[in-house]
$ cat entry_16.cif   # mmCIF, C-alpha atoms
data_my_file
loop_
_atom_site.label_atom_id
_atom_site.label_comp_id
_atom_site.auth_asym_id
_atom_site.auth_seq_id
_atom_site.Cartn_x
_atom_site.Cartn_y
_atom_site.Cartn_z
CA MET A 1 97.40 71.01 48.84
CA GLY A 2 94.79 70.30 51.55
CA ILE A 3 97.44 68.77 53.82
CA ILE A 4 99.74 71.77 53.35
CA LEU A 5 96.97 74.24 54.13
CA ARG A 6 96.05 72.32 57.29
CA ALA A 7 99.69 72.31 58.38
CA ILE A 8 99.96 76.08 57.86
CA PHE A 9 96.77 76.61 59.88
CA VAL A 10 98.07 74.46 62.78
CA ILE A 11 101.36 76.39 62.89
CA PHE A 12 99.58 79.76 62.75
CA PHE A 13 97.16 78.75 65.53
CA ALA A 14 99.96 77.52 67.77
CA LEU A 15 101.95 80.71 67.33
CA SER A 16 98.92 82.85 68.10
CA LEU A 17 98.27 81.23 71.50
CA PRO A 18 99.30 83.30 74.54
CA GLY A 19 102.11 81.94 76.67
CA CYS A 20 101.00 79.88 79.64
CA ASN A 21 104.15 80.17 81.74
CA SER A 22 103.20 82.62 84.50
CA SER A 23 106.79 83.05 85.63
CA GLU A 24 107.73 84.25 82.16
CA GLN A 25 104.78 86.64 82.15
CA GLN A 26 105.86 87.94 85.55
CA ALA A 27 109.13 89.20 84.13
CA ASP A 28 107.16 91.65 81.97
CA THR A 29 104.64 92.78 84.57
CA ILE A 30 106.14 92.81 88.07
CA THR A 31 109.71 94.01 87.94
CA PRO A 32 111.47 96.18 90.57
CA THR A 33 110.26 99.75 90.10
CA ALA A 34 110.96 102.96 92.02
CA LYS A 35 108.45 105.79 92.31
CA ASN A 36 109.49 109.26 91.21
CA LEU A 37 107.69 110.98 94.07
CA ASP A 38 109.49 113.29 96.52
CA TRP A 39 107.87 111.88 99.66
CA TRP A 40 108.43 108.29 98.50
CA GLN A 41 112.11 108.84 97.75
CA ALA A 42 112.58 110.75 101.01
CA ARG A 43 110.96 107.98 103.06
CA HIS A 44 113.11 105.39 101.32
CA ARG A 45 116.34 107.32 101.98
CA ALA A 46 115.41 107.84 105.63
CA ILE A 47 114.89 104.10 106.09
CA VAL A 48 118.14 103.23 104.33
CA ASN A 49 120.09 105.67 106.52
CA GLN A 50 118.37 104.68 109.76
CA ASP A 51 120.20 102.71 112.46
CA LYS A 52 118.43 99.35 112.23
CA SER A 53 120.85 97.25 114.25
CA ASN A 54 118.35 96.65 117.08
CA VAL A 55 115.29 95.93 114.95
CA LYS A 56 113.62 92.65 115.90
CA LEU A 57 110.42 93.05 113.87
CA ALA A 58 109.97 94.49 110.36
CA PHE A 59 106.72 95.07 108.50
CA ILE A 60 106.82 95.28 104.69
CA GLY A 61 103.83 96.44 102.70
CA ASP A 62 101.71 99.29 101.38
CA SER A 63 99.45 101.89 103.01
CA ILE A 64 97.76 99.25 105.17
CA THR A 65 101.14 98.67 106.80
CA GLN A 66 102.17 102.33 106.82
CA LEU A 67 99.00 103.28 108.71
CA TRP A 68 100.13 101.23 111.68
CA GLN A 69 101.90 104.43 112.70
CA ASP A 70 99.04 106.82 112.02
CA GLU A 71 97.59 108.22 115.26
CA ARG A 72 94.09 108.00 113.77
CA TYR A 73 94.31 104.24 113.32
CA GLY A 74 97.09 101.94 114.49
CA SER A 75 99.80 103.90 116.34
CA VAL A 76 98.60 103.24 119.89
CA ILE A 77 98.30 99.52 119.19
CA TRP A 78 101.69 99.54 117.41
CA GLN A 79 103.35 100.89 120.55
CA GLN A 80 101.39 98.67 122.91
CA TYR A 81 102.06 95.41 121.10
CA PHE A 82 105.34 95.81 119.25
CA SER A 83 107.51 98.40 121.02
CA SER A 84 109.56 95.71 122.77
CA TYR A 85 110.62 94.43 119.33
CA ASN A 86 112.02 97.84 118.29
CA PRO A 87 109.90 97.50 115.13
CA ILE A 88 110.43 99.18 111.78
CA ASN A 89 107.63 100.10 109.38
CA LEU A 90 108.48 99.55 105.71
CA GLY A 91 104.98 100.28 104.48
CA PHE A 92 104.55 102.81 101.65
CA ASP A 93 101.24 104.29 100.60
CA SER A 94 99.97 102.91 97.25
CA ASP A 95 102.94 100.59 96.79
CA LYS A 96 102.63 97.59 94.55
CA ILE A 97 104.80 94.50 94.77
CA GLN A 98 107.24 95.91 92.21
CA ASN A 99 107.82 98.99 94.38
CA ALA A 100 108.53 96.89 97.47
CA LEU A 101 110.89 94.74 95.40
CA TRP A 102 112.86 97.82 94.38
CA ARG A 103 113.05 99.09 97.94
CA ILE A 104 114.31 95.75 99.25
CA GLN A 105 116.89 95.53 96.48
CA ASN A 106 118.05 99.05 97.25
CA GLY A 107 119.05 98.93 100.86
CA GLU A 108 116.00 98.98 103.13
CA LEU A 109 116.95 95.70 104.83
CA GLU A 110 120.66 96.45 105.16
CA GLY A 111 121.99 96.76 108.69
CA MET A 112 119.27 94.69 110.33
CA SER A 113 118.69 91.09 111.32
CA PRO A 114 115.18 90.96 112.78
CA GLU A 115 113.64 87.94 114.41
CA TYR A 116 110.48 88.41 112.35
CA VAL A 117 109.53 89.98 109.01
CA VAL A 118 105.82 90.45 108.31
CA VAL A 119 104.78 90.78 104.65
CA MET A 120 101.33 91.97 103.61
CA ILE A 121 101.21 93.31 100.06
CA GLY A 122 99.49 92.76 96.73
CA THR A 123 96.12 94.47 97.05
CA ASN A 124 97.25 97.42 94.89
CA ASN A 125 98.20 95.01 92.10
CA ALA A 126 94.65 93.70 91.79
CA SER A 127 93.63 96.33 89.23
CA SER A 128 96.61 95.83 86.93
CA ASP A 129 98.01 92.30 87.28
CA SER A 130 96.73 88.76 87.06
CA ALA A 131 96.50 86.47 90.09
CA ASP A 132 99.36 84.37 88.70
CA ASP A 133 101.61 87.40 88.33
CA ILE A 134 100.72 88.74 91.78
CA ALA A 135 101.53 85.36 93.34
CA THR A 136 104.83 85.09 91.47
CA GLY A 137 105.69 88.64 92.48
CA ILE A 138 105.07 87.90 96.17
CA ILE A 139 107.16 84.74 95.98
CA ASN A 140 109.99 86.71 94.36
CA LEU A 141 109.72 89.36 97.07
CA VAL A 142 110.00 86.68 99.76
CA LYS A 143 113.06 85.25 98.00
CA GLU A 144 114.69 88.68 98.02
CA ILE A 145 113.99 89.03 101.74
CA ARG A 146 115.28 85.54 102.51
CA LEU A 147 118.47 86.26 100.55
CA ARG A 148 119.20 89.28 102.72
CA LEU A 149 117.81 88.00 106.02
CA PRO A 150 118.62 84.28 106.16
CA ASN A 151 118.02 84.00 109.91
CA SER A 152 114.68 85.81 110.13
CA GLN A 153 111.27 84.19 110.38
CA ILE A 154 109.24 85.55 107.46
CA ILE A 155 105.47 85.70 107.92
CA VAL A 156 103.49 86.14 104.69
CA HIS A 157 99.90 87.19 105.15
CA ARG A 158 97.11 86.21 102.86
CA ILE A 159 96.15 89.47 101.13
CA PHE A 160 93.51 91.05 103.33
CA PRO A 161 89.89 91.07 102.07
CA ARG A 162 88.75 94.17 100.22
CA GLU A 163 85.60 95.53 98.57
CA ASP A 164 82.63 93.20 98.17
CA PRO A 165 83.01 89.40 98.00
CA ALA A 166 81.94 89.33 94.34
CA SER A 167 84.25 92.15 93.22
CA ILE A 168 86.98 91.41 90.70
CA ALA A 169 89.59 92.76 93.12
CA ARG A 170 88.50 90.38 95.89
CA GLN A 171 88.44 87.42 93.53
CA THR A 172 91.88 88.30 92.12
CA THR A 173 93.53 88.70 95.52
CA ASN A 174 91.90 85.53 96.83
CA LEU A 175 93.20 83.51 93.90
CA ALA A 176 96.64 85.12 94.14
CA SER A 177 96.86 84.26 97.84
CA GLN A 178 95.81 80.70 97.15
CA LYS A 179 98.62 80.38 94.63
CA VAL A 180 101.12 81.91 97.08
CA GLN A 181 100.14 79.32 99.66
CA GLU A 182 100.68 76.55 97.11
CA LEU A 183 104.06 77.89 95.94
CA LEU A 184 105.53 78.98 99.26
CA ALA A 185 108.06 76.45 100.52
CA ASP A 186 107.96 75.72 104.25
CA ASP A 187 111.62 76.59 104.68
CA MET A 188 111.13 79.95 102.93
CA ALA A 189 108.35 81.54 104.98
CA LEU A 190 105.23 80.92 107.06
CA TYR A 191 101.92 81.57 105.29
CA VAL A 192 99.32 83.05 107.64
CA ASP A 193 95.62 83.48 106.89
CA ILE A 194 93.74 85.69 109.37
CA ASN A 195 91.13 87.01 106.92
CA HIS A 196 88.23 85.37 108.70
CA TYR A 197 88.78 87.75 111.62
CA PHE A 198 87.97 90.72 109.36
CA THR A 199 84.76 89.43 107.76
CA VAL A 200 81.26 88.47 108.86
CA ALA A 201 79.18 85.47 107.79
CA ASP A 202 78.51 86.74 104.26
CA GLU A 203 82.24 87.49 103.71
CA ASN A 204 81.65 91.25 103.77
CA VAL A 205 83.96 93.50 105.79
CA PRO A 206 82.12 95.70 108.34
CA ALA A 207 82.82 99.42 108.20
CA ASP A 208 84.04 99.42 111.80
CA ILE A 209 86.90 97.11 110.72
CA MET A 210 87.71 98.61 107.31
CA TYR A 211 86.36 102.13 106.91
CA ASP A 212 86.59 102.08 103.09
CA LYS A 213 86.60 98.28 102.57
CA VAL A 214 90.39 98.41 102.08
CA HIS A 215 92.05 100.23 105.00
CA LEU A 216 91.81 99.19 108.62
CA THR A 217 90.22 101.13 111.44
CA THR A 218 91.66 101.06 114.95
CA LYS A 219 89.48 98.01 115.58
CA GLY A 220 90.96 96.41 112.47
CA TYR A 221 94.52 96.99 113.69
CA GLN A 222 93.57 95.57 117.07
CA ILE A 223 92.36 92.41 115.32
CA TRP A 224 95.57 92.20 113.28
CA ALA A 225 97.78 92.67 116.33
CA ASP A 226 95.93 90.07 118.40
CA ALA A 227 96.13 87.50 115.60
CA LEU A 228 99.75 88.24 114.80
CA MET A 229 100.94 87.91 118.39
CA GLU A 230 100.09 84.22 118.28
CA TYR A 231 102.89 83.81 115.74
CA LEU A 232 105.35 86.23 117.30
CA ASN A 233 105.07 84.46 120.65
#

$ encode --input "entry_16.cif" --output "structure tokens"
Amino acid sequence: MGIILRAIFVIFFALSLPGCNSSEQQADTITPTAKNLDWWQARHRAIVNQDKSNVKLAFIGDSITQLWQDERYGSVIWQQYFSSYNPINLGFDSDKIQNALWRIQNGELEGMSPEYVVVMIGTNNASSDSADDIATGIINLVKEIRLRLPNSQIIVHRIFPREDPASIARQTTNLASQKVQELLADDMALYVDINHYFTVADENVPADIMYDKVHLTTKGYQIWADALMEYLN
């Protein structure tokens, strides 16, 4: 009887353990998802219907990317540095990886063959997803881009620093980026880490670079542009 009870306990304990396969977990947490918001749908349709035949540079991301074209922050630098590439901005405010996945799967890259695609996304997932799932989601996003743009150079940024160094969000995005770097095959994309340009010695982000410790100021976009041009050139 003792042997039988021990066997039952072992089986019960094994069944109760959470799965350790992060790719299987990803299927339940980061799947392509559209937003039912008027402005979001309108922006998506406008991009899909836009003539993109001359685009040489595409940016994919969230509000940090979208604000490149905001006159309060990055628009002057956008024009100064990237206008010769006929760039397109595929940044959407508050987007998570799953939203960008949906947009890519639903036509935003059709009709273009850019020389470069810059990806910076994942910070909005920090409050809802694990580092493993964020990393897997970014890798899947890159695969979707590569499938549609086989001749483009894809540049994947380390998720930019946010909040304080000890915050859960910073720790989650740091770990997620580390896993992306480990998983990203050389022939799939180029992993680029420019985070040290945004922080000071104690790893904090000064307010004149990120006004709310998430979004870039004009100085922050200047830093991003200067660092990125090394790879575009």

$ closest_residue --input "entry_16.cif" --among "A:Thr123, A:Ser94, A:Asn140, A:Gln69" --to "A:Glu163" --atoms "only C-alpha atoms"
A:Thr123

$ atom_distance --input "entry_16.cif" --atom1 "atom CA of A:Thr217" --atom2 "atom CA of A:Lys179"
28.0 Å

$ resolve_selection --input "entry_16.cif" --expression "the PyMOL selection byres ((chain A and resi 137) around 10)" --output "number ranges by chain"
A: 23, 26-27, 29-32, 96-98, 101, 121-122, 125, 129, 131-136, 138-143, 176, 180

$ write_last_selection --input "entry_16.cif" --atoms "C-alpha atoms" --output "short mmCIF file (atom, residue, chain, number, x, y, z; two decimals), in the frame of the given file"
data_model
loop_
_atom_site.label_atom_id
_atom_site.label_comp_id
_atom_site.auth_asym_id
_atom_site.auth_seq_id
_atom_site.Cartn_x
_atom_site.Cartn_y
_atom_site.Cartn_z
CA SER A 23 106.79 83.05 85.63
CA GLN A 26 105.86 87.94 85.55
CA ALA A 27 109.13 89.20 84.13
CA THR A 29 104.64 92.78 84.57
CA ILE A 30 106.14 92.81 88.07
CA THR A 31 109.71 94.01 87.94
CA PRO A 32 111.47 96.18 90.57
CA LYS A 96 102.63 97.59 94.55
CA ILE A 97 104.80 94.50 94.77
CA GLN A 98 107.24 95.91 92.21
CA LEU A 101 110.89 94.74 95.40
CA ILE A 121 101.21 93.31 100.06
CA GLY A 122 99.49 92.76 96.73
CA ASN A 125 98.20 95.01 92.10
CA ASP A 129 98.01 92.30 87.28
CA ALA A 131 96.50 86.47 90.09
CA ASP A 132 99.36 84.37 88.70
CA ASP A 133 101.61 87.40 88.33
CA ILE A 134 100.72 88.74 91.78
CA ALA A 135 101.53 85.36 93.34
CA THR A 136 104.83 85.09 91.47
CA ILE A 138 105.07 87.90 96.17
CA ILE A 139 107.16 84.74 95.98
CA ASN A 140 109.99 86.71 94.36
CA LEU A 141 109.72 89.36 97.07
CA VAL A 142 110.00 86.68 99.76
CA LYS A 143 113.06 85.25 98.00
CA ALA A 176 96.64 85.12 94.14
CA VAL A 180 101.12 81.91 97.08
#

$ closest_residue --input "entry_16.cif" --among "A:Ala166, A:Met188, A:Ala100, A:Ala58" --to "A:Ile88" --atoms "all atoms listed in the file"
A:Ala58

$ closest_residue --input "entry_16.cif" --among "A:His44, A:Arg162, A:Arg146, A:Lys56" --to "A:Ser83" --atoms "all atoms listed in the file"
A:Lys56

$ closest_residue --input "entry_16.cif" --among "A:Met112, A:Gly220, A:Ala34, A:Trp68" --to "A:Asn49" --atoms "all atoms listed in the file"
A:Met112

$ atom_distance --input "entry_16.cif" --atom1 "atom CA of A:Asp95" --atom2 "atom CA of A:Lys35"
8.8 Å

$ closest_residue --input "entry_16.cif" --among "A:Thr33, A:Asn233, A:Asn151, A:Asn124" --to "A:Ile64" --atoms "all atoms listed in the file"
A:Asn124

$ residues_around --input "entry_16.cif" --residues "stretch 74-77 of chain A" --least-positions-apart "4" --cutoff "8 Å" --atoms "all atoms listed in the file" --output "count of residues only"
11

$ build_atoms --input "entry_16.cif" --residues "stretch 37-64 of chain A" --atoms "N, CA and C atoms" --output "compact mmCIF listing (two decimals), keeping the file's coordinate frame"
# COMPACT_ATOMS: atom_id res chain seq x y z
N LEU A 37 108.46 110.08 93.23
CA LEU A 37 107.69 110.98 94.07
C LEU A 37 108.60 111.45 95.22
N ASP A 38 108.57 112.73 95.51
CA ASP A 38 109.49 113.29 96.52
C ASP A 38 109.33 112.61 97.87
N TRP A 39 108.07 112.47 98.34
CA TRP A 39 107.87 111.88 99.66
C TRP A 39 108.31 110.42 99.69
N TRP A 40 108.08 109.72 98.59
CA TRP A 40 108.43 108.29 98.50
C TRP A 40 109.95 108.12 98.55
N GLN A 41 110.65 108.91 97.76
CA GLN A 41 112.11 108.84 97.75
C GLN A 41 112.68 109.25 99.10
N ALA A 42 112.09 110.28 99.72
CA ALA A 42 112.58 110.75 101.01
C ALA A 42 112.38 109.69 102.09
N ARG A 43 111.22 109.04 102.07
CA ARG A 43 110.96 107.98 103.06
C ARG A 43 111.93 106.83 102.86
N HIS A 44 112.17 106.47 101.61
CA HIS A 44 113.11 105.39 101.32
C HIS A 44 114.51 105.73 101.83
N ARG A 45 114.99 106.93 101.54
CA ARG A 45 116.34 107.32 101.98
C ARG A 45 116.44 107.33 103.50
N ALA A 46 115.39 107.80 104.17
CA ALA A 46 115.41 107.84 105.63
C ALA A 46 115.52 106.44 106.21
N ILE A 47 114.82 105.49 105.62
CA ILE A 47 114.89 104.10 106.09
C ILE A 47 116.27 103.52 105.84
N VAL A 48 116.81 103.75 104.66
CA VAL A 48 118.14 103.23 104.33
C VAL A 48 119.19 103.75 105.30
N ASN A 49 119.08 105.03 105.67
CA ASN A 49 120.09 105.67 106.52
C ASN A 49 119.84 105.47 108.01
N GLN A 50 118.73 104.88 108.36
CA GLN A 50 118.37 104.68 109.76
C GLN A 50 119.22 103.59 110.40
N ASP A 51 119.52 103.76 111.70
CA ASP A 51 120.20 102.71 112.46
C ASP A 51 119.19 101.59 112.73
N LYS A 52 119.39 100.45 112.12
CA LYS A 52 118.43 99.35 112.23
C LYS A 52 119.03 98.15 112.96
N SER A 53 120.13 98.37 113.65
CA SER A 53 120.85 97.25 114.25
C SER A 53 120.06 96.55 115.36
N ASN A 54 119.12 97.25 115.99
CA ASN A 54 118.35 96.65 117.08
C ASN A 54 116.94 96.22 116.68
N VAL A 55 116.63 96.30 115.41
CA VAL A 55 115.29 95.93 114.95
C VAL A 55 115.07 94.43 115.10
N LYS A 56 113.98 94.06 115.75
CA LYS A 56 113.62 92.65 115.90
C LYS A 56 112.37 92.27 115.11
N LEU A 57 111.66 93.30 114.60
CA LEU A 57 110.42 93.05 113.87
C LEU A 57 110.29 94.08 112.75
N ALA A 58 110.13 93.60 111.52
CA ALA A 58 109.97 94.49 110.36
C ALA A 58 108.67 94.16 109.65
N PHE A 59 107.94 95.21 109.29
CA PHE A 59 106.72 95.07 108.50
C PHE A 59 106.98 95.62 107.10
N ILE A 60 106.64 94.86 106.08
CA ILE A 60 106.82 95.28 104.69
C ILE A 60 105.47 95.28 104.01
N GLY A 61 105.12 96.41 103.36
CA GLY A 61 103.83 96.44 102.70
C GLY A 61 103.51 97.78 102.08
N ASP A 62 102.21 98.07 102.02
CA ASP A 62 101.71 99.29 101.38
C ASP A 62 101.10 100.21 102.43
N SER A 63 100.06 100.95 102.07
CA SER A 63 99.45 101.89 103.01
C SER A 63 98.83 101.20 104.22
N ILE A 64 98.35 99.98 104.05
CA ILE A 64 97.76 99.25 105.17
C ILE A 64 98.81 99.05 106.25
